[in-house]
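Chemist: Take this structure, written in C-alpha cells, and hold onto it; I'll ask about it next.
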Amino acid sequence: MTVQTIATTPIADQKPGTSGLRKKTRVFMQPAYLQNYVQAIFDGIGGVAGKTLVIGGDGRYYNDSAIGIILRMAAANGVARCIVGQHGLLSTPAASHLIRKRCADGGLILSASHNPGGVDADFGLKYNGPNGGPATEAVTAQIFARTLDIASYRILGAEPGSLADLGESRLGEMAVEIVDPVADYAMLMEELFDFDAISGLFNGGFRMCFDAMHAVTGPYAREILEHRLGAPAGTVINGIPSPDFGGGHPDPNPVWAKTLMDIMHGPNAPDFGAASDGDGDRNMIVGAHCYVSPSDSLALLTDLAHLAPGYSGGLAGVARSMPTSSAADRVAEAKGIAHFETPTGWKFFGNLLDAGKVTICGEESAGTGSDHVREKDGLWAVLLWLNILAATGKSVAQLMAEHWERYGRNYYSRHDYESVDITVANALIDNLRTRLKRLPGQVFAGVTISGADEFSYDDPVDGSISTGQGIRIYFEGGGRAVFRLSGTGTEGATLRVYLERLETDPVALAQDPQVALASIIAAADTVAEIANRTGRTTPDVIT
Ligand code: G1P
Ligand code: ZN
C-alpha cells in the first residue's frame with residue numbers, strides 16, 4: 001500500500017474558532033481543504049507517528065467520507081492505532097471519555113455541534129488532546145500556524161474497511177479498531193449516578209421526554225434511559241441520528257427545541273423534559289411548565305450534586321464562562337468552595353479540571369459538565385438532574401423555587417443578532433471598546449452605568465493570558481450586559497448580547513425574564529447602538 005505525498009498550498013481561512021474549525025460543508029469538501037487541515041493538526045501537535053487517536057463524529061453529512069480520508073492520512077502519517085466509533089459515531093463527551101479511558105494521545109471529533117447539518121449547512125473538525133479536552137489556545141495556535149505554511153500532505157492509497165463492523169482490522173500498518181460508541185460511556189454514567197434510585201422514579205410512574213433532535217445522543221439516550229433505567233419506550237423522541245438532523249437546528253434551547261417546549265408546556269405535560277445538541281455536549285432542562293435556564297441549572301447542580309454517588313464527597317469548586325450568570329458563584333460562596341470565571345469556550349476549563357481546582361463547569365449556552373470527562377456533557381447533566389429529582393422527591397419547579405428563595409434569582413437572557421455584516425459587527429464592538437473609560441456615570445434608557453471593561457483572563461494554572469474576551473457593562477442596581485461576537489458561526493457575524501439582573505425580593509421571583517430584564521435590555525441596546533448600526537430592531541434568537 002503506497003503512501004502518497006501530495007503537494008498542496010496553504011488555505012487562508014483555516015483559523016479555528018471557539019471550538020475547532022467550522023465551515024460550510026461544501027467548503028470542507030473542496031479539494032485539499034480537509035486534507036490540509038488534518039495534516040496541519042498532525043504536524044501542529046508534533047507529529048503522530050506511533051500514536052493512538054480516537055475518531056468519531058456526530059453523524060452529520062460528510063461524517064463518513066471525512067473519517068475515511070482521516071484514517072488514510074493517519075495511516076500514512078504513521079499512527080499506530082485509531083479507535084473509531086461504529087458507523088463513525090461518537091458523541092463529544094463519549095469521545096473525550098474514550099481518549100481518557102484508552103490513554104490515547106488525542107482525538108479528532110467531527111462536528112459543528114448545534115449548527116445545522118447537510119451539504120448546504122455546516123461541518124466542523126476539532127482536535128482534543130490527551131486529557132480528552134479541546135486543544136488549548138497554544139496548541140490551536142500551532143495548528144493554525146501550520147495551515148499557513150503547509151506544502152504537502154500524506155495519504156494512503158487504499159480505502160479503509162466498513163465503519164459498521166465492530167472489531168479490529170488493518171489499514172496499511174495501522175490498526176483500526178471499531179468500537180461500540182455507547183458502551184464505555186454508559187458504564188461511566190452507571191459509576192457516577194444512582195441508577196437504582198432513578199429506575200425507581202420511572203417504576204413509580206415518573207414521566208420524561210428526551211428530545212435527541214435527530215442527533216448523536218439518540219443511541220446513548222435510548223440505551224441509558226430506556227434500556228438501563230427502564231423508562232418506557234418512546235421516552236426518547238427523534239432518537240435516530242440523521243445527516244441533516246431531520247432538517248432541523250440541533251440546538252437545545254426553547255427556540256430550536258420547540259417540539260419539546262410545546263410538550264412540556266402542554267396539557268398532561270411529563271414531569272421532566274430534556275434535549276441535547278448535534279454532538280451531545282449541550283443540554284436543555286425543562287420541568288412541567290418550567291424551563292430552567294442553563295445558568296440556573298449550573299447553580300442548582302452545584303448546590304445539590306452531592307446527592308449523586310459520584311459527587312457525594314462534595315465539589316472542589318465551580319467554574320463558569322464569563323457571560324454565564326453569577327448564580328453559581330453565590331452557591332459556591334455559601335458552600336465555601338472556589339469559583340472561577342473563564343472566557344467563553346470549554347477549552348478554558350481544562351486546566352482548572354486537570355489541576356483539581358473545580359469539579360463542575362458550565363456555560364450559559366447550555367453546556368454543563370464535570371471532571372468525569374474534559375468536555376461538556378449533555379446526558380450527564382440530564383442524569384444528574386434525574387438523580388437529584390429521585391433523591392429529593394421534588395419537582396423541577398419546586399427545586400427552582402426553593403433555590404431562588406434561598407439564593408435570589410438571576411434573571412437572564414441572551415439576545416443573538418445573526419448574519420450581521422462583519423465590518424458592522426466589528427465596528428460596534430470597537431466603538432464600545434473605545435468608549436469604555438467614559439461610560440461610567442452615563443445614563444442610557446434611564447439606567448446609569450456603574451462600570452465597564454473588557455474581559456481578560458489570566459489562567460491561574462499555566463499563567464497564560466487571553467485578552468479581548470467580551471465587553472462588560474455594569475448598571476446601577478446590579479444589572480449587567482455583555483457583548484461579544486460568536487466564534488462558531490459560518491455566515492457573517494453573530495452579535496451576542498448577554499443580559500442579567502439579580503432579584504432578591506421574594507415576591508418578584510416568578511417573572512418572565514424578558515419583562516424582568518426590560519430596562520437592562522433597553523439600556524444595552526441603546527449604549528451599543530445596535531439598531532442604528534445593524535438596522536435590526538429585534539434579535540433573531542432570544543434564549
Ligand atoms: C458558542 C457558545 C459557547 C460554546 C461554543 C461551543 O460559542 O457561546 O459557550 O462553548 O459555542 O459549543 P460562540 O458561538 O459564542 O463563540
Ligand atoms: Zn455541541
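Residues are referred to by chain and number: the chain letter is A, B, ... according to the order shown in the C-alpha cells, the number counts from 1 in that chain, and ligands are numbered separately from 1 in the order shown.
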Mind the document's chain letters and residue numbers, and return as a compact mmCIF listing (two decimals) with all heavy atoms, in the first residue's frame the residues of stretch 400-507 of chain A that DSSP labels strand (DSSP E or B).
Modeler:
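Dumped to part_12.txt:
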```txt
# COMPACT_ATOMS: atom_id res chain seq x y z
N ARG A 409 -32.75 35.24 42.51
CA ARG A 409 -32.83 34.75 41.13
C ARG A 409 -32.08 35.68 40.19
O ARG A 409 -32.35 36.88 40.15
CB ARG A 409 -34.30 34.64 40.70
CG ARG A 409 -34.44 34.21 39.26
CD ARG A 409 -35.89 33.92 38.87
NE ARG A 409 -35.94 33.51 37.47
CZ ARG A 409 -37.04 33.23 36.80
NH1 ARG A 409 -38.22 33.31 37.41
NH2 ARG A 409 -37.01 32.89 35.54
N ASN A 410 -31.18 35.14 39.42
CA ASN A 410 -30.50 35.91 38.38
C ASN A 410 -31.34 35.81 37.11
O ASN A 410 -31.26 34.83 36.39
CB ASN A 410 -29.11 35.34 38.09
CG ASN A 410 -28.13 35.66 39.17
OD1 ASN A 410 -28.20 35.08 40.25
ND2 ASN A 410 -27.23 36.59 38.91
N TYR A 411 -32.18 36.83 36.90
CA TYR A 411 -32.91 36.83 35.62
C TYR A 411 -31.88 36.92 34.51
O TYR A 411 -30.91 37.69 34.61
CB TYR A 411 -33.88 38.01 35.57
CG TYR A 411 -35.13 37.74 36.37
CD1 TYR A 411 -35.34 38.35 37.60
CD2 TYR A 411 -36.09 36.85 35.90
CE1 TYR A 411 -36.48 38.08 38.34
CE2 TYR A 411 -37.23 36.57 36.64
CZ TYR A 411 -37.42 37.19 37.85
OH TYR A 411 -38.54 36.91 38.58
N TYR A 412 -32.08 36.14 33.47
CA TYR A 412 -31.01 36.01 32.47
C TYR A 412 -31.60 35.81 31.08
O TYR A 412 -32.60 35.13 30.91
CB TYR A 412 -30.14 34.78 32.79
CG TYR A 412 -28.89 34.73 31.96
CD1 TYR A 412 -27.75 35.43 32.37
CD2 TYR A 412 -28.85 34.06 30.75
CE1 TYR A 412 -26.61 35.43 31.59
CE2 TYR A 412 -27.72 34.05 29.97
CZ TYR A 412 -26.59 34.74 30.40
OH TYR A 412 -25.46 34.75 29.64
N SER A 413 -30.97 36.42 30.09
CA SER A 413 -31.37 36.16 28.71
C SER A 413 -30.21 36.47 27.78
O SER A 413 -29.35 37.30 28.09
CB SER A 413 -32.58 37.04 28.33
OG SER A 413 -33.00 36.73 27.03
N ARG A 414 -30.18 35.78 26.64
CA ARG A 414 -29.19 36.10 25.61
C ARG A 414 -29.93 36.49 24.34
O ARG A 414 -30.84 35.78 23.92
CB ARG A 414 -28.30 34.89 25.34
CG ARG A 414 -27.16 35.21 24.40
CD ARG A 414 -26.22 34.04 24.24
NE ARG A 414 -26.53 33.29 23.04
CZ ARG A 414 -25.98 32.10 22.73
NH1 ARG A 414 -25.12 31.55 23.56
NH2 ARG A 414 -26.29 31.49 21.63
N HIS A 415 -29.53 37.60 23.77
CA HIS A 415 -30.11 38.06 22.51
C HIS A 415 -29.07 37.92 21.40
O HIS A 415 -27.99 38.50 21.50
CB HIS A 415 -30.55 39.53 22.62
CG HIS A 415 -31.75 39.74 23.50
ND1 HIS A 415 -32.43 40.92 23.57
CD2 HIS A 415 -32.40 38.88 24.33
CE1 HIS A 415 -33.45 40.79 24.41
NE2 HIS A 415 -33.45 39.58 24.90
N ASP A 416 -29.39 37.16 20.37
CA ASP A 416 -28.45 36.95 19.26
C ASP A 416 -28.92 37.68 18.00
O ASP A 416 -30.08 37.54 17.61
CB ASP A 416 -28.34 35.46 18.92
CG ASP A 416 -27.58 34.68 19.98
OD1 ASP A 416 -26.83 35.29 20.76
OD2 ASP A 416 -27.75 33.45 20.02
N TYR A 417 -28.00 38.41 17.40
CA TYR A 417 -28.26 39.04 16.10
C TYR A 417 -27.39 38.30 15.10
O TYR A 417 -26.16 38.40 15.15
CB TYR A 417 -27.92 40.53 16.14
CG TYR A 417 -28.76 41.30 17.14
CD1 TYR A 417 -28.42 41.33 18.49
CD2 TYR A 417 -29.90 41.99 16.73
CE1 TYR A 417 -29.20 42.02 19.41
CE2 TYR A 417 -30.68 42.69 17.65
CZ TYR A 417 -30.32 42.69 18.99
OH TYR A 417 -31.09 43.37 19.90
N GLU A 418 -28.02 37.54 14.21
CA GLU A 418 -27.26 36.65 13.34
C GLU A 418 -27.01 37.25 11.96
O GLU A 418 -27.74 38.15 11.52
CB GLU A 418 -28.01 35.31 13.19
CG GLU A 418 -28.09 34.56 14.52
CD GLU A 418 -28.86 33.25 14.43
OE1 GLU A 418 -29.60 33.08 13.45
OE2 GLU A 418 -28.70 32.43 15.34
N SER A 419 -26.00 36.72 11.27
CA SER A 419 -25.64 37.15 9.91
C SER A 419 -25.52 38.66 9.78
O SER A 419 -25.99 39.26 8.81
CB SER A 419 -26.66 36.62 8.89
OG SER A 419 -26.74 35.22 8.96
N VAL A 420 -24.92 39.27 10.76
CA VAL A 420 -24.66 40.71 10.70
C VAL A 420 -23.41 40.90 9.84
O VAL A 420 -22.49 40.07 9.87
CB VAL A 420 -24.42 41.28 12.12
CG1 VAL A 420 -24.07 42.75 12.08
CG2 VAL A 420 -25.65 41.04 13.00
N VAL A 443 -26.01 57.79 31.41
CA VAL A 443 -27.34 57.19 31.55
C VAL A 443 -27.86 56.78 30.17
O VAL A 443 -27.81 57.57 29.22
CB VAL A 443 -28.32 58.20 32.20
CG1 VAL A 443 -29.70 57.56 32.38
CG2 VAL A 443 -27.78 58.67 33.55
N PHE A 444 -28.29 55.55 30.04
CA PHE A 444 -28.86 55.06 28.77
C PHE A 444 -30.23 54.45 29.06
O PHE A 444 -30.34 53.59 29.95
CB PHE A 444 -27.94 54.02 28.13
CG PHE A 444 -26.64 54.61 27.66
CD1 PHE A 444 -25.56 54.68 28.53
CD2 PHE A 444 -26.52 55.14 26.38
CE1 PHE A 444 -24.36 55.26 28.11
CE2 PHE A 444 -25.33 55.72 25.97
CZ PHE A 444 -24.24 55.77 26.83
N VAL A 447 -31.09 54.15 32.61
CA VAL A 447 -30.29 53.35 33.55
C VAL A 447 -28.85 53.87 33.55
O VAL A 447 -28.28 54.13 32.48
CB VAL A 447 -30.29 51.85 33.13
CG1 VAL A 447 -29.65 51.00 34.22
CG2 VAL A 447 -31.70 51.36 32.86
N THR A 448 -28.29 54.01 34.75
CA THR A 448 -26.93 54.57 34.86
C THR A 448 -25.90 53.45 34.83
O THR A 448 -26.05 52.42 35.50
CB THR A 448 -26.79 55.33 36.20
OG1 THR A 448 -27.86 56.27 36.27
CG2 THR A 448 -25.47 56.07 36.30
N ILE A 449 -24.83 53.69 34.07
CA ILE A 449 -23.74 52.72 34.01
C ILE A 449 -22.82 52.92 35.21
O ILE A 449 -22.41 54.03 35.50
CB ILE A 449 -22.97 52.85 32.68
CG1 ILE A 449 -23.89 52.43 31.54
CG2 ILE A 449 -21.69 52.02 32.70
CD1 ILE A 449 -23.27 52.48 30.17
N SER A 450 -22.51 51.81 35.91
CA SER A 450 -21.65 51.94 37.08
C SER A 450 -20.22 51.49 36.79
O SER A 450 -19.29 51.85 37.51
CB SER A 450 -22.22 51.13 38.25
OG SER A 450 -22.37 49.79 37.86
N GLY A 451 -20.03 50.71 35.75
CA GLY A 451 -18.68 50.25 35.42
C GLY A 451 -18.67 49.62 34.04
O GLY A 451 -19.71 49.18 33.54
N ALA A 452 -17.49 49.57 33.42
CA ALA A 452 -17.40 48.96 32.09
C ALA A 452 -15.97 48.52 31.86
O ALA A 452 -15.02 49.23 32.21
CB ALA A 452 -17.81 49.95 31.01
N ASP A 453 -15.78 47.33 31.29
CA ASP A 453 -14.42 46.88 30.97
C ASP A 453 -14.47 45.81 29.88
O ASP A 453 -15.55 45.45 29.41
CB ASP A 453 -13.70 46.34 32.22
CG ASP A 453 -14.34 45.07 32.79
OD1 ASP A 453 -15.28 44.52 32.17
OD2 ASP A 453 -13.89 44.61 33.86
N GLU A 454 -13.30 45.37 29.46
CA GLU A 454 -13.22 44.26 28.52
C GLU A 454 -12.58 43.11 29.26
O GLU A 454 -11.53 43.26 29.88
CB GLU A 454 -12.40 44.66 27.29
CG GLU A 454 -12.36 43.56 26.25
CD GLU A 454 -11.88 44.05 24.89
OE1 GLU A 454 -11.10 45.02 24.85
OE2 GLU A 454 -12.28 43.44 23.87
N TYR A 457 -8.52 37.15 30.68
CA TYR A 457 -8.40 36.02 31.63
C TYR A 457 -6.95 35.66 31.85
O TYR A 457 -6.21 35.41 30.90
CB TYR A 457 -9.16 34.83 31.04
CG TYR A 457 -9.11 33.57 31.88
CD1 TYR A 457 -9.62 33.55 33.17
CD2 TYR A 457 -8.59 32.38 31.36
CE1 TYR A 457 -9.61 32.39 33.94
CE2 TYR A 457 -8.57 31.21 32.12
CZ TYR A 457 -9.08 31.22 33.41
OH TYR A 457 -9.07 30.07 34.16
N ASP A 458 -6.57 35.63 33.11
CA ASP A 458 -5.23 35.14 33.48
C ASP A 458 -5.43 33.72 34.00
O ASP A 458 -5.96 33.54 35.09
CB ASP A 458 -4.62 35.99 34.61
CG ASP A 458 -4.49 37.44 34.20
OD1 ASP A 458 -4.67 37.73 33.01
OD2 ASP A 458 -4.23 38.27 35.09
N ILE A 465 -2.46 34.32 29.27
CA ILE A 465 -3.41 35.43 29.33
C ILE A 465 -4.21 35.47 28.03
O ILE A 465 -3.64 35.39 26.94
CB ILE A 465 -2.65 36.77 29.52
CG1 ILE A 465 -1.96 36.74 30.90
CG2 ILE A 465 -3.59 37.96 29.42
CD1 ILE A 465 -1.10 37.94 31.19
N SER A 466 -5.53 35.54 28.14
CA SER A 466 -6.39 35.64 26.96
C SER A 466 -7.14 36.96 27.02
O SER A 466 -7.95 37.17 27.92
CB SER A 466 -7.39 34.49 26.92
OG SER A 466 -6.72 33.25 26.98
N ILE A 471 -17.00 42.51 26.04
CA ILE A 471 -17.19 43.83 26.68
C ILE A 471 -18.24 43.68 27.77
O ILE A 471 -19.32 43.15 27.52
CB ILE A 471 -17.70 44.85 25.64
CG1 ILE A 471 -16.75 44.94 24.43
CG2 ILE A 471 -17.97 46.20 26.30
CD1 ILE A 471 -15.50 45.71 24.65
N ARG A 472 -17.92 44.15 28.98
CA ARG A 472 -18.87 44.03 30.09
C ARG A 472 -19.31 45.42 30.53
O ARG A 472 -18.47 46.29 30.76
CB ARG A 472 -18.20 43.36 31.30
CG ARG A 472 -17.63 42.01 30.97
CD ARG A 472 -17.24 41.29 32.22
NE ARG A 472 -15.98 41.78 32.79
CZ ARG A 472 -15.28 41.11 33.68
NH1 ARG A 472 -15.72 39.95 34.14
NH2 ARG A 472 -14.15 41.59 34.16
N ILE A 473 -20.60 45.58 30.66
CA ILE A 473 -21.13 46.85 31.15
C ILE A 473 -22.01 46.56 32.36
O ILE A 473 -22.90 45.71 32.31
CB ILE A 473 -21.92 47.57 30.03
CG1 ILE A 473 -20.93 47.89 28.92
CG2 ILE A 473 -22.62 48.81 30.58
CD1 ILE A 473 -21.40 48.80 27.87
N TYR A 474 -21.71 47.25 33.45
CA TYR A 474 -22.46 47.05 34.70
C TYR A 474 -23.37 48.25 34.93
O TYR A 474 -22.98 49.39 34.67
CB TYR A 474 -21.49 46.92 35.88
CG TYR A 474 -20.56 45.74 35.73
CD1 TYR A 474 -19.31 45.89 35.11
CD2 TYR A 474 -20.93 44.47 36.17
CE1 TYR A 474 -18.46 44.80 34.95
CE2 TYR A 474 -20.08 43.39 36.02
CZ TYR A 474 -18.86 43.56 35.40
OH TYR A 474 -18.03 42.48 35.24
N PHE A 475 -24.57 47.96 35.40
CA PHE A 475 -25.54 49.03 35.63
C PHE A 475 -25.81 49.20 37.12
O PHE A 475 -25.75 48.23 37.88
CB PHE A 475 -26.85 48.71 34.91
CG PHE A 475 -26.69 48.58 33.42
CD1 PHE A 475 -26.62 47.33 32.82
CD2 PHE A 475 -26.59 49.71 32.61
CE1 PHE A 475 -26.46 47.19 31.44
CE2 PHE A 475 -26.43 49.58 31.24
CZ PHE A 475 -26.37 48.32 30.65
N GLY A 479 -27.50 45.27 37.49
CA GLY A 479 -27.63 44.59 36.19
C GLY A 479 -26.30 44.54 35.43
O GLY A 479 -25.36 45.28 35.75
N ARG A 480 -26.23 43.67 34.42
CA ARG A 480 -25.02 43.56 33.61
C ARG A 480 -25.40 43.21 32.18
O ARG A 480 -26.33 42.45 31.94
CB ARG A 480 -24.13 42.45 34.18
CG ARG A 480 -22.84 42.24 33.41
CD ARG A 480 -22.02 41.09 33.94
NE ARG A 480 -22.48 39.82 33.40
CZ ARG A 480 -21.73 38.71 33.28
NH1 ARG A 480 -20.48 38.74 33.69
NH2 ARG A 480 -22.22 37.60 32.78
N ALA A 481 -24.66 43.78 31.24
CA ALA A 481 -24.80 43.37 29.84
C ALA A 481 -23.41 43.04 29.32
O ALA A 481 -22.43 43.73 29.64
CB ALA A 481 -25.41 44.48 29.00
N VAL A 482 -23.31 41.96 28.54
CA VAL A 482 -22.03 41.56 27.95
C VAL A 482 -22.22 41.51 26.44
O VAL A 482 -23.26 41.05 25.96
CB VAL A 482 -21.60 40.18 28.47
CG1 VAL A 482 -20.36 39.67 27.73
CG2 VAL A 482 -21.34 40.22 29.97
N PHE A 483 -21.22 42.00 25.72
CA PHE A 483 -21.28 41.98 24.26
C PHE A 483 -20.07 41.22 23.73
O PHE A 483 -18.94 41.52 24.11
CB PHE A 483 -21.21 43.41 23.69
CG PHE A 483 -22.31 44.31 24.20
CD1 PHE A 483 -22.18 44.97 25.42
CD2 PHE A 483 -23.48 44.49 23.47
CE1 PHE A 483 -23.19 45.79 25.90
CE2 PHE A 483 -24.50 45.31 23.93
CZ PHE A 483 -24.35 45.97 25.15
N ARG A 484 -20.33 40.25 22.84
CA ARG A 484 -19.20 39.61 22.16
C ARG A 484 -19.67 39.05 20.82
O ARG A 484 -20.87 38.89 20.60
CB ARG A 484 -18.52 38.52 23.02
CG ARG A 484 -19.39 37.36 23.40
CD ARG A 484 -18.60 36.31 24.21
NE ARG A 484 -17.75 35.49 23.36
CZ ARG A 484 -18.18 34.44 22.66
NH1 ARG A 484 -19.46 34.08 22.69
NH2 ARG A 484 -17.35 33.74 21.92
N LEU A 485 -18.71 38.77 19.96
CA LEU A 485 -19.04 38.18 18.67
C LEU A 485 -18.79 36.68 18.74
O LEU A 485 -17.80 36.24 19.31
CB LEU A 485 -18.20 38.81 17.55
CG LEU A 485 -18.36 40.32 17.37
CD1 LEU A 485 -17.52 40.80 16.19
CD2 LEU A 485 -19.82 40.72 17.16
N ALA A 493 -21.33 37.75 10.87
CA ALA A 493 -21.01 37.75 12.29
C ALA A 493 -22.30 37.56 13.09
O ALA A 493 -23.37 37.95 12.65
CB ALA A 493 -20.36 39.07 12.68
N THR A 494 -22.17 36.93 14.25
CA THR A 494 -23.30 36.85 15.18
C THR A 494 -22.93 37.66 16.41
O THR A 494 -21.93 37.38 17.07
CB THR A 494 -23.59 35.39 15.59
OG1 THR A 494 -24.02 34.67 14.42
CG2 THR A 494 -24.69 35.31 16.64
N LEU A 495 -23.75 38.68 16.67
CA LEU A 495 -23.54 39.50 17.86
C LEU A 495 -24.34 38.88 19.00
O LEU A 495 -25.55 38.67 18.87
CB LEU A 495 -24.03 40.93 17.60
CG LEU A 495 -24.12 41.85 18.83
CD1 LEU A 495 -22.73 42.14 19.40
CD2 LEU A 495 -24.84 43.16 18.48
N ARG A 496 -23.64 38.56 20.09
CA ARG A 496 -24.34 38.01 21.25
C ARG A 496 -24.39 39.08 22.34
O ARG A 496 -23.35 39.67 22.69
CB ARG A 496 -23.62 36.79 21.80
CG ARG A 496 -23.44 35.65 20.79
CD ARG A 496 -23.33 34.32 21.51
NE ARG A 496 -22.85 33.23 20.67
CZ ARG A 496 -23.57 32.60 19.75
NH1 ARG A 496 -24.82 32.98 19.52
NH2 ARG A 496 -23.06 31.61 19.04
N VAL A 497 -25.59 39.31 22.86
CA VAL A 497 -25.77 40.26 23.96
C VAL A 497 -26.33 39.45 25.13
O VAL A 497 -27.41 38.85 25.03
CB VAL A 497 -26.75 41.39 23.57
CG1 VAL A 497 -26.82 42.42 24.69
CG2 VAL A 497 -26.32 42.04 22.27
N TYR A 498 -25.58 39.42 26.21
CA TYR A 498 -25.96 38.62 27.39
C TYR A 498 -26.46 39.58 28.46
O TYR A 498 -25.76 40.53 28.83
CB TYR A 498 -24.76 37.87 27.93
CG TYR A 498 -23.99 37.04 26.93
CD1 TYR A 498 -23.03 37.61 26.09
CD2 TYR A 498 -24.19 35.66 26.82
CE1 TYR A 498 -22.30 36.84 25.19
CE2 TYR A 498 -23.46 34.88 25.93
CZ TYR A 498 -22.52 35.48 25.11
OH TYR A 498 -21.80 34.72 24.23
N LEU A 499 -27.65 39.31 29.00
CA LEU A 499 -28.30 40.25 29.91
C LEU A 499 -28.64 39.56 31.23
O LEU A 499 -29.11 38.42 31.23
CB LEU A 499 -29.58 40.76 29.24
CG LEU A 499 -29.29 41.36 27.85
CD1 LEU A 499 -30.35 40.97 26.85
CD2 LEU A 499 -29.11 42.86 27.94
N GLU A 500 -28.41 40.27 32.31
CA GLU A 500 -28.56 39.63 33.62
C GLU A 500 -28.92 40.66 34.69
O GLU A 500 -28.47 41.80 34.65
CB GLU A 500 -27.21 38.98 33.98
CG GLU A 500 -27.17 38.36 35.35
CD GLU A 500 -25.79 37.79 35.68
OE1 GLU A 500 -24.86 37.91 34.86
OE2 GLU A 500 -25.66 37.22 36.77
N ARG A 501 -29.76 40.23 35.65
CA ARG A 501 -30.06 41.09 36.79
C ARG A 501 -30.46 40.20 37.98
O ARG A 501 -31.29 39.32 37.84
CB ARG A 501 -31.20 42.05 36.47
CG ARG A 501 -31.57 42.98 37.62
CD ARG A 501 -32.61 43.99 37.18
NE ARG A 501 -33.94 43.44 37.01
CZ ARG A 501 -34.79 43.17 38.01
NH1 ARG A 501 -34.42 43.40 39.27
NH2 ARG A 501 -35.99 42.68 37.78
N LEU A 502 -29.86 40.46 39.13
CA LEU A 502 -30.18 39.67 40.32
C LEU A 502 -31.40 40.25 41.02
O LEU A 502 -31.46 41.46 41.27
CB LEU A 502 -28.98 39.68 41.28
CG LEU A 502 -29.23 39.05 42.66
CD1 LEU A 502 -29.55 37.57 42.55
CD2 LEU A 502 -28.03 39.26 43.57
N GLU A 503 -32.35 39.38 41.33
CA GLU A 503 -33.55 39.80 42.07
C GLU A 503 -33.60 39.01 43.37
O GLU A 503 -33.55 37.78 43.36
CB GLU A 503 -34.80 39.50 41.22
CG GLU A 503 -36.11 39.83 41.89
CD GLU A 503 -36.26 41.31 42.17
OE1 GLU A 503 -36.43 42.09 41.23
OE2 GLU A 503 -36.17 41.69 43.37
```
Chemist: I'd like the contact shell of A:Pro460 - 10 Å cut-off, only C-alpha atoms, skipping same-chain residues fewer than 5 positions apart - returned as a list of chain:residue names.
Modeler: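 Non-adjacent residues within range: A:Phe340, A:Asn351, A:Leu352, A:Ala355, A:Lys357, A:Ile465.
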Chemist: Give me, as JSON lines, the closest atom pair and its distance (Å, one decimal) for every residue of chain A within a cut-off of 6 Å of ligand 1, counting only C-alpha atoms and all ligand atoms, rows sorted by chain and rising number.
Modeler:
```
{"residue": "A:Thr18", "atom": "CA", "partner": "ligand 1", "partner_atom_place_in_ligand_line": "16 (O)", "distance": 4.9}
{"residue": "A:Ser19", "atom": "CA", "partner": "ligand 1", "partner_atom_place_in_ligand_line": "6 (C)", "distance": 5.3}
{"residue": "A:Thr344", "atom": "CA", "partner": "ligand 1", "partner_atom_place_in_ligand_line": "9 (O)", "distance": 5.1}
{"residue": "A:Gly345", "atom": "CA", "partner": "ligand 1", "partner_atom_place_in_ligand_line": "10 (O)", "distance": 3.5}
{"residue": "A:Trp346", "atom": "CA", "partner": "ligand 1", "partner_atom_place_in_ligand_line": "10 (O)", "distance": 5.2}
{"residue": "A:Glu363", "atom": "CA", "partner": "ligand 1", "partner_atom_place_in_ligand_line": "9 (O)", "distance": 5.4}
{"residue": "A:Ser365", "atom": "CA", "partner": "ligand 1", "partner_atom_place_in_ligand_line": "9 (O)", "distance": 4.8}
{"residue": "A:Ser486", "atom": "CA", "partner": "ligand 1", "partner_atom_place_in_ligand_line": "16 (O)", "distance": 3.7}
{"residue": "A:Gly487", "atom": "CA", "partner": "ligand 1", "partner_atom_place_in_ligand_line": "16 (O)", "distance": 3.4}
{"residue": "A:Thr488", "atom": "CA", "partner": "ligand 1", "partner_atom_place_in_ligand_line": "14 (O)", "distance": 4.0}
{"residue": "A:Gly489", "atom": "CA", "partner": "ligand 1", "partner_atom_place_in_ligand_line": "14 (O)", "distance": 5.9}
```
Chemist: For stretch 172-186 of chain A, list every protein, DNA or RNA residue within 6 Å, evaluated using only C-alpha atoms, and leave out those in the same chain fewer than 6 positions away; present the list as a PyMOL selection string.
Modeler: chain A and resi 75+80-86+90+94+166+220
Chemist: Step by step, measure atom-to-atom distances between ligand 2 and each residue using only C-alpha atoms and all ligand atoms, keep those at most 7 Å, then write them as a PyMOL selection string.
Modeler: chain A and resi 113-114+277-282
Chemist: Write a file of the selected residues as a compact mmCIF listing (two decimals), in the first residue's frame, keeping N, CA, C and O atoms.
Modeler:
```
# COMPACT_ATOMS: atom_id res chain seq x y z
N SER A 113 -21.32 20.84 16.10
CA SER A 113 -22.13 20.97 17.32
C SER A 113 -23.60 21.22 17.02
O SER A 113 -24.26 20.41 16.38
N HIS A 114 -24.08 22.38 17.42
CA HIS A 114 -25.52 22.71 17.31
C HIS A 114 -25.85 23.35 15.97
O HIS A 114 -27.01 23.68 15.73
N ASP A 277 -27.74 18.42 21.93
CA ASP A 277 -27.45 19.03 20.62
C ASP A 277 -26.82 18.03 19.65
O ASP A 277 -26.73 16.83 19.93
N GLY A 278 -26.36 18.54 18.51
CA GLY A 278 -25.81 17.71 17.44
C GLY A 278 -24.81 16.68 17.93
O GLY A 278 -24.91 15.49 17.62
N ASP A 279 -23.84 17.11 18.72
CA ASP A 279 -22.77 16.20 19.15
C ASP A 279 -22.90 15.77 20.61
O ASP A 279 -21.97 15.17 21.16
N GLY A 280 -24.01 16.11 21.24
CA GLY A 280 -24.32 15.55 22.56
C GLY A 280 -23.64 16.20 23.73
O GLY A 280 -23.65 15.67 24.84
N ASP A 281 -23.06 17.39 23.54
CA ASP A 281 -22.42 18.01 24.71
C ASP A 281 -23.28 19.08 25.37
O ASP A 281 -22.99 19.49 26.49
N ARG A 282 -24.34 19.51 24.70
CA ARG A 282 -25.22 20.51 25.34
C ARG A 282 -26.45 19.85 25.93
O ARG A 282 -26.82 18.74 25.53
```
Chemist: Between A:Val79, A:Leu383, A:Ala516, A:Met213, which one has atoms that come closest to A:Phe272, using only C-alpha atoms?
Modeler: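 So, comparing all the options, the nearest one is A:Leu383.
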Chemist: So which bits of stretch 56-112 of chain A end up alpha helix (DSSP H) when you DSSP the backbone, as a PyMOL selection string?
Modeler: chain A and resi 63-76+92-101
Chemist: Using only C-alpha atoms, find the one residue out of A:Leu432, A:Leu171, A:Ile45, A:Ile150 that sits nearest to A:Gly68.
Modeler: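 Smallest distance to A:Gly68 is found for A:Leu171.
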Chemist: Please indicate the distance in Å from atom CA of A:Ile521 to atom CA of A:Gly477, rounded to one decimal place.
Modeler: 13.9 Å
Chemist: Do you know which residues are at most 10 Å from A:Gly205 counting only C-alpha atoms, after dropping those on the same chain fewer than 4 positions away, and could you put them as number ranges by chain?
Modeler: A: 200-201, 231-232, 271
